[in-house]
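A.B. asks: What follows is input09.pdb; its format and atoms are PDB, C-alpha atoms.
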```pdb
ATOM      1  CA  MET W   1      51.235 -30.658 -19.218
ATOM      2  CA  SER W   2      54.378 -29.060 -17.759
ATOM      3  CA  LYS W   3      55.022 -32.183 -15.665
ATOM      4  CA  GLY W   4      54.749 -34.307 -18.815
ATOM      5  CA  TYR W   5      57.316 -32.124 -20.542
ATOM      6  CA  LEU W   6      59.640 -32.460 -17.538
ATOM      7  CA  GLN W   7      59.313 -36.250 -17.487
ATOM      8  CA  ASN W   8      60.338 -36.315 -21.154
ATOM      9  CA  ASP W   9      63.308 -33.962 -20.627
ATOM     10  CA  LEU W  10      61.627 -31.173 -22.603
ATOM     11  CA  PHE W  11      62.923 -28.483 -20.277
ATOM     12  CA  ASN W  12      62.707 -25.549 -22.701
ATOM     13  CA  GLU W  13      59.076 -26.372 -23.377
ATOM     14  CA  VAL W  14      58.330 -26.225 -19.640
ATOM     15  CA  VAL W  15      59.811 -22.728 -19.378
ATOM     16  CA  VAL W  16      57.987 -21.546 -22.515
ATOM     17  CA  LEU W  17      54.687 -22.955 -21.244
ATOM     18  CA  PHE W  18      55.150 -21.144 -17.935
ATOM     19  CA  SER W  19      55.842 -17.878 -19.779
ATOM     20  CA  ASP W  20      52.610 -18.376 -21.733
ATOM     21  CA  MET W  21      50.731 -18.957 -18.468
ATOM     22  CA  ARG W  22      52.062 -15.708 -17.047
ATOM     23  CA  ARG W  23      51.029 -13.766 -20.135
ATOM     24  CA  GLU W  24      47.522 -15.136 -19.689
ATOM     25  CA  ASN W  25      47.591 -14.139 -15.991
ATOM     26  CA  VAL W  26      47.366 -17.736 -14.804
ATOM     27  CA  LYS W  27      48.695 -17.799 -11.260
ATOM     28  CA  PRO W  28      51.326 -20.442 -10.423
ATOM     29  CA  ASN W  29      50.733 -22.875  -7.600
ATOM     30  CA  CYS W  30      52.889 -25.053  -5.356
ATOM     31  CA  TYR W  31      52.866 -27.801  -8.005
ATOM     32  CA  THR W  32      53.726 -25.637 -11.012
ATOM     33  CA  LEU W  33      56.695 -23.774  -9.562
ATOM     34  CA  PRO W  34      58.815 -26.814  -8.589
ATOM     35  CA  VAL W  35      58.384 -28.256 -12.089
ATOM     36  CA  VAL W  36      59.511 -25.023 -13.757
ATOM     37  CA  LEU W  37      62.356 -24.583 -11.276
ATOM     38  CA  LYS W  38      63.523 -28.140 -11.939
ATOM     39  CA  SER W  39      63.607 -27.335 -15.663
ATOM     40  CA  CYS W  40      65.626 -24.184 -14.978
ATOM     41  CA  CYS W  41      68.066 -26.319 -12.962
ATOM     42  CA  LYS W  42      68.523 -28.671 -15.901
ATOM     43  CA  LEU W  43      69.029 -25.734 -18.268
ATOM     44  CA  LEU W  44      71.231 -23.829 -15.788
ATOM     45  CA  ALA W  45      68.882 -20.904 -16.459
ATOM     46  CA  LEU W  46      69.818 -18.754 -13.466
ATOM     47  CA  ARG W  47      68.156 -15.560 -14.656
ATOM     48  CA  GLU W  48      64.820 -17.279 -15.211
ATOM     49  CA  GLY W  49      65.278 -19.067 -11.895
ATOM     50  CA  GLU W  50      65.772 -15.777 -10.073
ATOM     51  CA  GLU W  51      62.541 -14.493 -11.601
ATOM     52  CA  LEU W  52      60.785 -17.620 -10.362
ATOM     53  CA  HIS W  53      62.243 -17.016  -6.916
ATOM     54  CA  CYS W  54      60.648 -13.558  -6.886
ATOM     55  CA  ILE W  55      57.345 -15.011  -8.088
ATOM     56  CA  ALA W  56      57.466 -17.621  -5.325
ATOM     57  CA  VAL W  57      57.996 -14.942  -2.668
ATOM     58  CA  LYS W  58      55.208 -12.728  -4.054
ATOM     59  CA  ASN W  59      52.758 -15.614  -4.194
ATOM     60  CA  GLY W  60      53.410 -16.912  -0.698
ATOM     61  CA  PHE W  61      55.495 -19.973  -1.592
ATOM     62  CA  LYS W  62      58.689 -18.767   0.066
ATOM     63  CA  SER W  63      58.493 -21.447   2.759
ATOM     64  CA  ASN W  64      57.235 -24.255   0.512
ATOM     65  CA  THR W  65      59.564 -27.225   0.928
ATOM     66  CA  TYR W  66      59.474 -28.316  -2.724
ATOM     67  CA  VAL W  67      59.973 -24.799  -4.069
ATOM     68  CA  GLY W  68      62.809 -24.172  -1.616
ATOM     69  CA  THR W  69      64.569 -27.430  -2.432
ATOM     70  CA  ASN W  70      64.495 -26.699  -6.148
ATOM     71  CA  LEU W  71      65.812 -23.181  -5.552
ATOM     72  CA  ILE W  72      68.699 -24.665  -3.572
ATOM     73  CA  GLU W  73      69.509 -26.970  -6.493
ATOM     74  CA  LEU W  74      69.221 -24.091  -8.967
ATOM     75  CA  TYR W  75      71.562 -21.732  -7.135
ATOM     76  CA  SER W  76      74.030 -24.496  -6.246
ATOM     77  CA  GLY W  77      74.147 -25.664  -9.852
ATOM     78  CA  GLY W  78      74.970 -22.115 -10.920
ATOM     79  CA  GLY W  79      77.812 -21.823  -8.427
ATOM     80  CA  ARG W  80      75.912 -19.497  -6.094
ATOM     81  CA  VAL W  81      76.033 -21.669  -3.021
ATOM     82  CA  GLY W  82      75.654 -18.640  -0.732
ATOM     83  CA  CYS W  83      72.248 -17.881  -2.266
ATOM     84  CA  ALA W  84      71.341 -21.544  -1.931
ATOM     85  CA  TYR W  85      72.173 -21.498   1.767
ATOM     86  CA  ARG W  86      70.082 -18.358   2.323
ATOM     87  CA  VAL W  87      67.109 -20.143   0.779
ATOM     88  CA  PHE W  88      67.829 -23.154   2.984
ATOM     89  CA  LYS W  89      67.974 -21.024   6.139
ATOM     90  CA  GLU W  90      64.705 -19.276   5.280
ATOM     91  CA  MET W  91      62.777 -22.528   4.834
ATOM     92  CA  VAL W  92      60.303 -23.033   7.678
ATOM     93  CA  LEU W  93      60.114 -26.782   7.116
ATOM     94  CA  ARG W  94      63.015 -28.842   5.829
ATOM     95  CA  ASN W  95      62.934 -32.538   5.047
ATOM     96  CA  VAL W  96      65.781 -34.930   4.340
ATOM     97  CA  VAL W  97      65.577 -34.036   0.632
ATOM     98  CA  SER W  98      66.162 -30.357   1.451
ATOM     99  CA  TRP W  99      69.153 -31.200   3.633
ATOM    100  CA  THR W 100      70.536 -33.490   0.931
ATOM    101  CA  ALA W 101      70.119 -30.783  -1.725
ATOM    102  CA  MET W 102      72.054 -28.263   0.366
ATOM    103  CA  ILE W 103      74.798 -30.750   1.209
ATOM    104  CA  ASN W 104      75.000 -31.706  -2.479
ATOM    105  CA  GLY W 105      75.363 -28.012  -3.259
ATOM    106  CA  TYR W 106      78.364 -27.677  -0.990
ATOM    107  CA  VAL W 107      79.946 -30.845  -2.379
ATOM    108  CA  ALA W 108      79.391 -29.720  -5.978
ATOM    109  CA  ASN W 109      81.077 -26.419  -5.157
ATOM    110  CA  ALA W 110      84.092 -28.100  -3.518
ATOM    111  CA  ASP W 111      83.217 -27.073   0.040
ATOM    112  CA  LEU W 112      83.452 -30.410   1.796
ATOM    113  CA  VAL W 113      83.945 -28.784   5.212
ATOM    114  CA  SER W 114      80.555 -27.035   5.046
ATOM    115  CA  ALA W 115      78.946 -30.168   3.633
ATOM    116  CA  ARG W 116      80.195 -32.237   6.557
ATOM    117  CA  ARG W 117      79.176 -29.612   9.101
ATOM    118  CA  LEU W 118      75.635 -29.613   7.731
ATOM    119  CA  PHE W 119      75.604 -33.405   7.508
ATOM    120  CA  ASP W 120      76.469 -33.637  11.209
ATOM    121  CA  LEU W 121      73.619 -31.216  12.028
ATOM    122  CA  ALA W 122      70.984 -33.000   9.919
ATOM    123  CA  PRO W 123      68.111 -34.212  12.135
ATOM    124  CA  GLU W 124      67.424 -37.101   9.762
ATOM    125  CA  ARG W 125      69.952 -38.917   7.604
ATOM    126  CA  ASP W 126      68.718 -41.529   5.181
ATOM    127  CA  VAL W 127      70.893 -43.943   3.229
ATOM    128  CA  VAL W 128      70.955 -41.575   0.223
ATOM    129  CA  LEU W 129      72.500 -38.819   2.324
ATOM    130  CA  TRP W 130      75.024 -41.183   3.912
ATOM    131  CA  ASN W 131      75.997 -42.479   0.464
ATOM    132  CA  ARG W 132      76.425 -38.919  -0.790
ATOM    133  CA  MET W 133      78.866 -38.056   1.959
ATOM    134  CA  VAL W 134      80.853 -41.252   1.478
ATOM    135  CA  THR W 135      81.019 -40.484  -2.253
ATOM    136  CA  ALA W 136      82.183 -36.946  -1.520
ATOM    137  CA  TYR W 137      85.076 -38.237   0.555
ATOM    138  CA  THR W 138      86.077 -40.893  -1.981
ATOM    139  CA  GLU W 139      86.038 -38.294  -4.756
ATOM    140  CA  SER W 140      88.236 -35.991  -2.677
ATOM    141  CA  GLY W 141      90.676 -38.851  -2.077
ATOM    142  CA  ASP W 142      90.028 -38.996   1.669
ATOM    143  CA  MET W 143      89.491 -42.731   1.973
ATOM    144  CA  VAL W 144      90.165 -42.686   5.721
ATOM    145  CA  GLU W 145      87.080 -40.563   6.377
ATOM    146  CA  ALA W 146      85.090 -42.402   3.699
ATOM    147  CA  LYS W 147      85.745 -45.734   5.444
ATOM    148  CA  ARG W 148      84.970 -44.235   8.856
ATOM    149  CA  LEU W 149      81.588 -42.949   7.673
ATOM    150  CA  PHE W 150      80.870 -46.238   5.926
ATOM    151  CA  LYS W 151      81.419 -48.135   9.188
ATOM    152  CA  MET W 152      79.144 -45.695  11.058
ATOM    153  CA  MET W 153      76.376 -45.910   8.461
ATOM    154  CA  PRO W 154      73.169 -47.607   9.636
ATOM    155  CA  GLY W 155      71.252 -49.696   7.116
ATOM    156  CA  LYS W 156      73.896 -49.924   4.414
ATOM    157  CA  ASP W 157      72.517 -50.930   1.029
ATOM    158  CA  LEU W 158      74.105 -52.276  -2.134
ATOM    159  CA  MET W 159      74.742 -48.759  -3.398
ATOM    160  CA  SER W 160      76.661 -48.010  -0.188
ATOM    161  CA  CYS W 161      79.003 -50.922  -0.857
ATOM    162  CA  ASN W 162      79.362 -50.002  -4.521
ATOM    163  CA  THR W 163      80.194 -46.418  -3.543
ATOM    164  CA  LEU W 164      83.073 -47.481  -1.301
ATOM    165  CA  LEU W 165      84.141 -50.127  -3.825
ATOM    166  CA  ASN W 166      84.573 -47.450  -6.489
ATOM    167  CA  GLY W 167      86.365 -45.280  -3.973
ATOM    168  CA  TYR W 168      88.961 -47.976  -3.357
ATOM    169  CA  ALA W 169      89.373 -48.546  -7.090
ATOM    170  CA  ASN W 170      89.686 -44.889  -8.058
ATOM    171  CA  ASN W 171      92.163 -44.189  -5.274
ATOM    172  CA  GLY W 172      94.503 -47.024  -6.211
ATOM    173  CA  ASP W 173      93.666 -49.464  -3.406
ATOM    174  CA  VAL W 174      92.977 -52.551  -5.498
ATOM    175  CA  GLU W 175      93.411 -54.884  -2.529
ATOM    176  CA  GLY W 176      90.836 -52.915  -0.526
ATOM    177  CA  CYS W 177      88.499 -53.099  -3.505
ATOM    178  CA  GLU W 178      88.961 -56.871  -3.700
ATOM    179  CA  ARG W 179      88.408 -57.380   0.039
ATOM    180  CA  LEU W 180      85.161 -55.426   0.033
ATOM    181  CA  PHE W 181      83.957 -57.137  -3.145
ATOM    182  CA  GLU W 182      84.527 -60.606  -1.697
ATOM    183  CA  ALA W 183      82.760 -59.614   1.539
ATOM    184  CA  MET W 184      79.636 -58.351  -0.250
ATOM    185  CA  ARG W 185      76.641 -60.653   0.160
ATOM    186  CA  GLU W 186      74.929 -59.184  -2.878
ATOM    187  CA  ARG W 187      76.435 -57.885  -6.114
ATOM    188  CA  ASN W 188      74.984 -56.295  -9.230
ATOM    189  CA  ILE W 189      76.536 -55.165 -12.495
ATOM    190  CA  PHE W 190      77.756 -51.957 -10.847
ATOM    191  CA  SER W 191      79.610 -54.032  -8.250
ATOM    192  CA  TRP W 192      81.311 -56.062 -10.971
ATOM    193  CA  ASN W 193      82.032 -52.915 -12.971
ATOM    194  CA  GLY W 194      83.614 -51.414  -9.856
ATOM    195  CA  LEU W 195      85.990 -54.366  -9.544
ATOM    196  CA  ILE W 196      86.686 -54.675 -13.275
ATOM    197  CA  GLY W 197      87.056 -50.918 -13.669
ATOM    198  CA  GLY W 198      89.323 -50.823 -10.635
ATOM    199  CA  TYR W 199      91.655 -53.330 -12.223
ATOM    200  CA  ALA W 200      91.660 -51.348 -15.474
ATOM    201  CA  HIS W 201      92.154 -48.002 -13.710
ATOM    202  CA  ASN W 202      95.260 -49.411 -12.071
ATOM    203  CA  GLY W 203      96.682 -51.072 -15.185
ATOM    204  CA  ARG W 204      95.921 -54.648 -14.146
ATOM    205  CA  PHE W 205      94.466 -55.784 -17.451
ATOM    206  CA  VAL W 206      94.976 -59.525 -16.967
ATOM    207  CA  GLU W 207      92.752 -59.282 -13.884
ATOM    208  CA  VAL W 208      90.161 -57.350 -15.924
ATOM    209  CA  VAL W 209      89.752 -60.308 -18.257
ATOM    210  CA  GLY W 210      89.807 -62.776 -15.365
ATOM    211  CA  ALA W 211      87.090 -60.938 -13.422
ATOM    212  CA  PHE W 212      84.925 -60.677 -16.540
ATOM    213  CA  LYS W 213      85.212 -64.411 -17.191
ATOM    214  CA  ARG W 214      84.405 -65.113 -13.542
ATOM    215  CA  MET W 215      81.295 -62.929 -13.726
ATOM    216  CA  LEU W 216      79.998 -64.817 -16.752
ATOM    217  CA  ARG W 217      80.929 -68.195 -15.275
ATOM    218  CA  GLU W 218      79.680 -67.812 -11.691
ATOM    219  CA  THR W 219      76.711 -65.428 -11.879
ATOM    220  CA  ASP W 220      73.615 -64.493 -13.844
ATOM    221  CA  VAL W 221      74.702 -60.835 -13.921
ATOM    222  CA  GLN W 222      74.711 -59.515 -17.474
ATOM    223  CA  PRO W 223      77.463 -57.101 -18.553
ATOM    224  CA  ASN W 224      76.472 -53.670 -19.804
ATOM    225  CA  ASP W 225      78.222 -51.507 -22.372
ATOM    226  CA  ALA W 226      80.573 -50.073 -19.728
ATOM    227  CA  THR W 227      81.722 -53.599 -18.836
ATOM    228  CA  LEU W 228      82.318 -54.544 -22.452
ATOM    229  CA  VAL W 229      84.233 -51.356 -23.229
ATOM    230  CA  THR W 230      86.536 -51.916 -20.238
ATOM    231  CA  VAL W 231      87.191 -55.518 -21.270
ATOM    232  CA  LEU W 232      87.873 -54.475 -24.868
ATOM    233  CA  THR W 233      90.331 -51.869 -23.596
ATOM    234  CA  ALA W 234      92.096 -54.610 -21.637
ATOM    235  CA  CYS W 235      92.219 -56.808 -24.747
ATOM    236  CA  ALA W 236      93.718 -53.917 -26.700
ATOM    237  CA  ARG W 237      96.397 -53.324 -24.073
ATOM    238  CA  LEU W 238      97.211 -57.036 -23.791
ATOM    239  CA  GLY W 239      97.078 -57.725 -27.519
ATOM    240  CA  ALA W 240      94.506 -60.416 -26.706
ATOM    241  CA  LEU W 241      92.985 -60.549 -30.169
ATOM    242  CA  ASP W 242      91.261 -63.928 -29.862
ATOM    243  CA  PHE W 243      89.423 -62.957 -26.691
ATOM    244  CA  GLY W 244      88.639 -59.556 -28.182
ATOM    245  CA  LYS W 245      86.989 -61.319 -31.119
ATOM    246  CA  TRP W 246      85.008 -63.454 -28.671
ATOM    247  CA  VAL W 247      83.807 -60.305 -26.874
ATOM    248  CA  HIS W 248      82.788 -58.893 -30.268
ATOM    249  CA  ILE W 249      80.630 -61.940 -30.986
ATOM    250  CA  TYR W 250      79.231 -61.900 -27.437
ATOM    251  CA  ALA W 251      78.331 -58.209 -27.715
ATOM    252  CA  GLU W 252      76.516 -58.617 -31.015
ATOM    253  CA  SER W 253      74.681 -61.698 -29.725
ATOM    254  CA  ASN W 254      73.473 -59.838 -26.641
ATOM    255  CA  GLY W 255      71.957 -56.692 -28.080
ATOM    256  CA  TYR W 256      75.007 -54.449 -28.400
ATOM    257  CA  ARG W 257      75.297 -54.470 -32.187
ATOM    258  CA  GLY W 258      75.675 -50.829 -33.195
ATOM    259  CA  ASN W 259      76.170 -49.588 -29.623
ATOM    260  CA  ILE W 260      78.387 -46.562 -30.111
ATOM    261  CA  TYR W 261      80.525 -47.134 -27.012
ATOM    262  CA  VAL W 262      81.096 -50.821 -27.716
ATOM    263  CA  CYS W 263      81.849 -50.108 -31.379
ATOM    264  CA  ASN W 264      84.420 -47.487 -30.384
ATOM    265  CA  GLY W 265      86.026 -50.074 -28.105
ATOM    266  CA  LEU W 266      86.056 -52.629 -30.912
ATOM    267  CA  ILE W 267      87.681 -50.199 -33.349
ATOM    268  CA  ASP W 268      90.397 -49.445 -30.812
ATOM    269  CA  MET W 269      90.916 -53.102 -29.938
ATOM    270  CA  TYR W 270      91.224 -54.249 -33.546
ATOM    271  CA  ALA W 271      93.521 -51.350 -34.426
ATOM    272  CA  LYS W 272      95.857 -51.952 -31.479
ATOM    273  CA  CYS W 273      95.920 -55.670 -32.305
ATOM    274  CA  GLY W 274      96.908 -54.881 -35.905
ATOM    275  CA  LEU W 275      93.636 -55.757 -37.681
ATOM    276  CA  VAL W 276      92.952 -52.406 -39.324
ATOM    277  CA  GLU W 277      90.522 -53.903 -41.843
ATOM    278  CA  SER W 278      88.361 -55.233 -39.006
ATOM    279  CA  ALA W 279      88.462 -51.812 -37.346
ATOM    280  CA  ILE W 280      87.340 -50.196 -40.608
ATOM    281  CA  ASP W 281      84.556 -52.755 -40.978
ATOM    282  CA  VAL W 282      83.190 -51.962 -37.503
ATOM    283  CA  PHE W 283      83.399 -48.230 -38.252
ATOM    284  CA  LYS W 284      81.580 -48.539 -41.577
ATOM    285  CA  ARG W 285      78.730 -50.542 -40.036
ATOM    286  CA  MET W 286      78.041 -47.944 -37.336
ATOM    287  CA  ASP W 287      74.706 -46.156 -37.736
ATOM    288  CA  LYS W 288      75.791 -43.370 -35.394
ATOM    289  CA  ARG W 289      79.274 -42.071 -34.648
ATOM    290  CA  ASP W 290      80.677 -39.602 -32.154
ATOM    291  CA  LEU W 291      83.961 -37.712 -32.012
ATOM    292  CA  ILE W 292      85.686 -40.689 -30.384
ATOM    293  CA  SER W 293      84.610 -42.946 -33.283
ATOM    294  CA  TRP W 294      86.147 -40.606 -35.846
ATOM    295  CA  ASN W 295      89.315 -39.978 -33.850
ATOM    296  CA  THR W 296      89.888 -43.660 -33.174
ATOM    297  CA  ILE W 297      89.629 -44.728 -36.810
ATOM    298  CA  ILE W 298      91.665 -41.749 -38.081
ATOM    299  CA  ASN W 299      94.475 -42.473 -35.625
ATOM    300  CA  ALA W 300      94.305 -46.201 -36.385
ATOM    301  CA  LEU W 301      94.679 -45.578 -40.114
ATOM    302  CA  ALA W 302      97.485 -43.075 -39.619
ATOM    303  CA  VAL W 303      99.503 -45.267 -37.236
ATOM    304  CA  HIS W 304      99.250 -48.286 -39.542
ATOM    305  CA  GLY W 305     100.492 -46.420 -42.610
ATOM    306  CA  HIS W 306      97.167 -45.659 -44.291
ATOM    307  CA  GLY W 307      97.721 -41.897 -44.384
ATOM    308  CA  GLY W 308      95.617 -41.284 -47.465
ATOM    309  CA  ASP W 309      92.681 -43.143 -45.977
ATOM    310  CA  ALA W 310      93.080 -41.196 -42.724
ATOM    311  CA  LEU W 311      92.821 -37.908 -44.606
ATOM    312  CA  SER W 312      89.817 -39.197 -46.562
ATOM    313  CA  VAL W 313      88.040 -40.119 -43.325
ATOM    314  CA  PHE W 314      88.927 -36.676 -41.957
ATOM    315  CA  SER W 315      87.186 -35.087 -44.949
ATOM    316  CA  GLU W 316      84.214 -37.382 -44.421
ATOM    317  CA  MET W 317      84.158 -36.348 -40.774
ATOM    318  CA  LYS W 318      83.954 -32.657 -41.658
ATOM    319  CA  ASN W 319      81.223 -33.336 -44.215
ATOM    320  CA  ALA W 320      79.254 -35.164 -41.516
ATOM    321  CA  GLY W 321      79.354 -32.017 -39.380
ATOM    322  CA  GLU W 322      81.566 -33.461 -36.640
ATOM    323  CA  LYS W 323      83.928 -30.853 -35.203
ATOM    324  CA  PRO W 324      87.540 -32.093 -34.920
ATOM    325  CA  ASP W 325      89.589 -31.593 -31.759
ATOM    326  CA  GLY W 326      93.278 -31.751 -30.884
ATOM    327  CA  ILE W 327      93.341 -35.548 -30.987
ATOM    328  CA  THR W 328      91.938 -35.480 -34.520
ATOM    329  CA  PHE W 329      94.709 -33.180 -35.702
ATOM    330  CA  ILE W 330      97.383 -35.326 -34.058
ATOM    331  CA  GLY W 331      96.047 -38.213 -36.151
ATOM    332  CA  ILE W 332      96.121 -36.364 -39.459
ATOM    333  CA  CYS W 333      99.538 -34.847 -38.708
ATOM    334  CA  VAL W 334     101.124 -38.296 -39.023
ATOM    335  CA  PRO W 335     100.440 -38.717 -42.772
ATOM    336  CA  VAL W 336     101.022 -35.025 -43.479
ATOM    337  CA  LEU W 337     104.457 -35.082 -41.820
ATOM    338  CA  THR W 338     105.279 -38.381 -43.527
ATOM    339  CA  TRP W 339     104.621 -36.847 -46.923
ATOM    340  CA  ALA W 340     106.353 -33.545 -46.138
TER
END
```
Could you quickly redo this structure as structure tokens?
C.D. replies:
Amino acid sequence: MSKGYLQNDLFNEVVVLFSDMRRENVKPNCYTLPVVLKSCCKLLALREGEELHCIAVKNGFKSNTYVGTNLIELYSGGGRVGCAYRVFKEMVLRNVVSWTAMINGYVANADLVSARRLFDLAPERDVVLWNRMVTAYTESGDMVEAKRLFKMMPGKDLMSCNTLLNGYANNGDVEGCERLFEAMRERNIFSWNGLIGGYAHNGRFVEVVGAFKRMLRETDVQPNDATLVTVLTACARLGALDFGKWVHIYAESNGYRGNIYVCNGLIDMYAKCGLVESAIDVFKRMDKRDLISWNTIINALAVHGHGGDALSVFSEMKNAGEKPDGITFIGICVPVLTWA
């Protein structure tokens, strides 16, 4: 039952069920403990995790690979990478998952030096571990080392290429991103998103639209909501209303009607292109809204001289239970200052 809860992201229920088992003196086994520990990781429940650590030691599971790996993830996730390493060192048997968990722990806690040292010592390095280290270097901005590891990597897969592709894009090397993209024998939506997102990240919005059109024209790859949002952002920045309208029709025809991220992009695009009524229409037809939805429409109304409507939407937002942030208040300050 606990595994079923875990698979359905019911992490609290897993912990409660385990507490009930303990009250009934049901002893945990090597299958139960990893499931409960995984739930504690997701909940960042360090105190409960420490109790489970003690239970594992008392019940002879101290050297169990699965228990140890989950303890490493628990302590690392809570910022206690020293405790995680002690667990790692005490493990009698370690597999590539254990090594990856410990290296991930160092990376997550901004200790790339220790992560690399452990990576170099790992007796077995699968493609997941190689990809993790390349990602760590791209995220730190060290593209020289990221490219060096990428070249050394045996058995590169599509994710490996996508990882480096995103690294180029996020670190401002659009030409490097383009070269790798063109050299890739296989591409999926994440490859295209890497290229399209790279153009957007570096302010090259004309190329965003061009790459999107090329994807639709030359491949069977279907865009996802991230693709559509990026393209809508480009349309907003370019004032490309006609193409933005086409993307709107395409999105609704391909299952994205009501998608909160796409709708937010549409509101922003229409507002920046001057069609406030269209932005309002998209907003009103949304079944679900998040803070970005409210902020975008409030700011759109305020900027285009509909101060009263902006304040009305702000009241509606509060009644809906959405908590405003600084961006919300910037939006409502415009009509307030105008009337002052």
A.B. asks: If the PyMOL selection byres ((chain W and resi 178) around 10) is run on the structure shown, which residues does it catch, given as a list in words?
C.D. replies: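 Selected by the PyMOL selection byres ((chain W and resi 178) around 10) here: Leu165, Tyr168, Ala169, Asp173, Val174, Glu175, Gly176, Cys177, Arg179, Leu180, Phe181, Glu182, Ala183, Gly194, Leu195, Gly198 and Tyr199 of chain W.
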A.B. asks: If we count all atoms listed in the file and set the cut-off at 9 Å, which residues sit around range 275-277 of chain W, ignoring sequence neighbours fewer than 3 positions away in its own chain? Please answer as a ChimeraX atom specification.
C.D. replies: /W:241,267,269-272,280-282,297,300-301,304
A.B. asks: Which residues come within 12 Å of Gly49 in chain W, counting only C-alpha atoms, excluding same-chain residues fewer than 4 positions away, as a PyMOL selection string?
C.D. replies: chain W and resi 15+18+33-45+53-56+67-68+70-78+83-84
A.B. asks: What separation in Å, quoted to one decimal, exists between CA of Arg132 in chain W and CA of Ala200 in chain W?
C.D. replies: 24.5 Å
A.B. asks: Can you work out which one of W:Gly172, W:Gly167, W:Gly105, W:Pro324 has the shortest atom-to-atom distance to Asn131 in chain W, counting all atoms listed in the file?
C.D. replies: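 Smallest distance to Asn131 in chain W is found for W:Gly167.
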A.B. asks: Can you list every residue of range 150-227 of chain W that has an atom at most 12 Å from range 244-250 of chain W, with its nearest atom pair and the distance in Å to one decimal, using only C-alpha atoms, ordered by chain then number, as JSON lines?
C.D. replies:
```
{"residue": "W:Val209", "atom": "CA", "partner": "W:Gly244", "partner_atom": "CA", "distance": 10.0}
{"residue": "W:Phe212", "atom": "CA", "partner": "W:Val247", "partner_atom": "CA", "distance": 10.4}
{"residue": "W:Lys213", "atom": "CA", "partner": "W:Val247", "partner_atom": "CA", "distance": 10.6}
{"residue": "W:Leu216", "atom": "CA", "partner": "W:Tyr250", "partner_atom": "CA", "distance": 11.1}
{"residue": "W:Gln222", "atom": "CA", "partner": "W:Tyr250", "partner_atom": "CA", "distance": 11.2}
{"residue": "W:Pro223", "atom": "CA", "partner": "W:Tyr250", "partner_atom": "CA", "distance": 10.3}
{"residue": "W:Asn224", "atom": "CA", "partner": "W:Tyr250", "partner_atom": "CA", "distance": 11.6}
{"residue": "W:Asp225", "atom": "CA", "partner": "W:Val247", "partner_atom": "CA", "distance": 11.4}
{"residue": "W:Thr227", "atom": "CA", "partner": "W:Val247", "partner_atom": "CA", "distance": 10.7}
```
A.B. asks: Given the file shown, enumerate the residues that the PyMOL selection byres ((chain W and resi 130) around 9) captures and present them as a ChimeraX atom specification.
C.D. replies: /W:119,125-129,131-135,149-150,153-154,156,160
